[in-house]
Amino acid sequence: MWHGKRVGWQGASEYGATEAFNLANFENYILQTVQDKALVVIDQKPANLPALPSDTLIQTCSQYIDPLRFVKSPTEIKLAQQAADLSEAGFRAIMKSSRPGINEHYLTSELEWECKKRGGQRLAYPPVVAGGERANTLHYITNDQIIKDGEMVLVDGGAELHCFSSDVSRTWPVNGKFSPEQKELYNAVLDVQKECIKACTKGTTINKIHSLSVRLTVEKLKSIGVLHSLYNDYYRVYPHCIGHYLGMDVHDTSSLSYGQKLVPGSYITIEPGLYIGKDPNINPKYHGIGIRIEDNIIITDGEPINVTKNIPKEIDEVESACQAQ
């Protein structure tokens with residue numbers, strides 16, 4: 001009555017299960033099943049796993065499944081593009097809706113609505129919709145404050161389509177026009193992102209791309225004076241990795257290291273950022289600016305495929321999207 005039909009273990013065959021058992025018999029089933037087995041592979045070790053013979057090796061199935069999920073099939077690549085297209089519609093809509101005095105909650109709701117009404121089942125994760133200084137909190141998801149004139153808004157969100165995730169970040173001025181300081185920092189992040197996307201080739205690793213992003217970010221920040229001889233701690237303004245694996249989970253195949261070589265069919269994010277709080281070592285004109293630009297990249301035998309490339313990110317594209325009628 002409360003949550004709808006519950007088929008129980010007896011009805012599991014309706015969903016394709018070949019066998020199903022009552023959980024009350026779990027311990028006996030396990031003990032009978034693993035007799036004389038040298039290896040037991042499980043999803044996650046349950047708290048009530050009975051004592052097994054001391055020579056039984058227990059492994060999690062992620063070490064076998066994650067390498068398979070690491071390479072996306074043609075169907076998954078098609079889903080990746082479709083999910084990205086849903087996200088594009090959502091981002092264009094909220095850029096258009098942005099105006100001084102708008103509440104973050106409005107943009108949050110509109111992003112979800114635009115993705116869902118086009119067929120997405122849900123957002124892939126709780127989105128970040130952070131105006132002004134709040135963009136310097138990387139996982140800000142309160143999303144309930146007014147965005148003031150002159151502030152930027154950082155949105156990190158994406159549609160989920162048939163269990164496949166997109167993960168996009170864009171940052172724009174809520175009034176539709178970049179200030180000189182915003183433009184200066186934004187172009188620095190954008191330039192780093194473009195170079196890192198070019199580096200997304202088979203045989204490289206996320207770790208190597210991250211190292212490239214750090215070197216380029218430091219160069220950019222020194223050239224505009226954010227970093228200098230007396231203040232050279234890039235980690236204070238760029239504290240996260242350049243990206244992660246993407247797929248059925250937002251942070252997919254989490255058992256694989258970022259030292260894993262990328263292959264055709266690998267799917268990753270590229271998301272450099274800058275987050276400048278009220279740091280006395282940095283020119284106050286940059287204080288309160290948080291920027292992240294994130295795209296979703298498929299590795300191929302040749303040039304990488306950016307499935308989120310149509311979501312505005314060039315300054316003229318962003319300003320046009322914000323001022324669209």
# chains A, B, ... in the order shown; residues from 1 in each chain; ligands from 1
>>> select_by_dssp(residues="stretch 27-190 of chain A", states="alpha helix (DSSP H)", output="PyMOL selection string")
chain A and resi 27-33+62-69+74-97+104-116+180-190
>>> select_by_dssp(residues="stretch 225-275 of chain A", states="strand (DSSP E or B)", output="VMD selection string")
chain A and resid 228 231 245 267 to 270 273 to 275
>>> residues_around(residues="A:Ile94", least_positions_apart="4", cutoff="7 Å", atoms="only C-alpha atoms", output="PDB file with C-alpha atoms, in the first residue's frame")
ATOM      1  CA  GLY A  90      19.023  22.533 -19.258  1.00  0.00           C
ATOM      2  CA  SER A  98      19.642  34.198 -15.062  1.00  0.00           C
ATOM      3  CA  LEU A 107      17.916  27.666 -11.382  1.00  0.00           C
ATOM      4  CA  GLU A 110      14.662  24.688 -13.873  1.00  0.00           C
ATOM      5  CA  LEU A 111      17.745  22.609 -14.677  1.00  0.00           C
TER       6      LEU A 111
END
>>> residues_around(residues="A:Tyr231", least_positions_apart="2", cutoff="12 Å", atoms="only C-alpha atoms", output="PyMOL selection string")
chain A and resi 218+221-222+225-229+233-237+279-283
>>> write_last_selection(atoms="C-alpha atoms", output="PDB file, in the first residue's frame")
ATOM      1  CA  VAL A 218      50.420  28.147 -12.580  1.00  0.00           C
ATOM      2  CA  LEU A 221      48.119  32.756 -12.636  1.00  0.00           C
ATOM      3  CA  LYS A 222      51.668  34.081 -12.643  1.00  0.00           C
ATOM      4  CA  GLY A 225      49.605  38.282 -10.916  1.00  0.00           C
ATOM      5  CA  VAL A 226      47.503  35.940  -8.770  1.00  0.00           C
ATOM      6  CA  LEU A 227      50.604  33.890  -8.027  1.00  0.00           C
ATOM      7  CA  HIS A 228      53.932  35.640  -7.478  1.00  0.00           C
ATOM      8  CA  SER A 229      57.327  35.179  -5.846  1.00  0.00           C
ATOM      9  CA  ASP A 233      50.688  27.940  -3.580  1.00  0.00           C
ATOM     10  CA  TYR A 234      48.475  26.962  -6.519  1.00  0.00           C
ATOM     11  CA  TYR A 235      46.668  24.334  -4.416  1.00  0.00           C
ATOM     12  CA  ARG A 236      44.923  27.128  -2.471  1.00  0.00           C
ATOM     13  CA  VAL A 237      43.062  28.151  -5.641  1.00  0.00           C
ATOM     14  CA  ASP A 279      42.989  35.685   0.561  1.00  0.00           C
ATOM     15  CA  PRO A 280      45.191  38.598   1.715  1.00  0.00           C
ATOM     16  CA  ASN A 281      47.937  37.389  -0.628  1.00  0.00           C
ATOM     17  CA  ILE A 282      45.730  37.911  -3.698  1.00  0.00           C
ATOM     18  CA  ASN A 283      44.542  41.187  -5.203  1.00  0.00           C
TER      19      ASN A 283
END
>>> closest_atom_pairs(of="stretch 163-269 of chain A", to="stretch 288-293 of chain A", cutoff="6 Å", atoms="only C-alpha atoms", output="JSON lines")
{"residue": "A:Ser169", "atom": "CA", "partner": "A:Ile293", "partner_atom": "CA", "distance": 5.1}
{"residue": "A:Arg170", "atom": "CA", "partner": "A:Ile293", "partner_atom": "CA", "distance": 5.0}
{"residue": "A:Thr171", "atom": "CA", "partner": "A:Ile291", "partner_atom": "CA", "distance": 5.8}
>>> closest_atom_pairs(of="stretch 199-303 of chain A", to="stretch 45-67 of chain A", cutoff="9 Å", atoms="only C-alpha atoms", output="tab-separated table")
residue	atom	partner	partner_atom	distance
A:Asp252	CA	A:Asp66	CA	8.2
A:Thr253	CA	A:Asp66	CA	4.9
A:Ser254	CA	A:Asp66	CA	7.7
A:Ser255	CA	A:Ser62	CA	6.8
A:Leu256	CA	A:Asp66	CA	7.1
>>> atom_distance(atom1="atom CA of A:Gln82", atom2="atom CA of A:Lys313")
19.1 Å
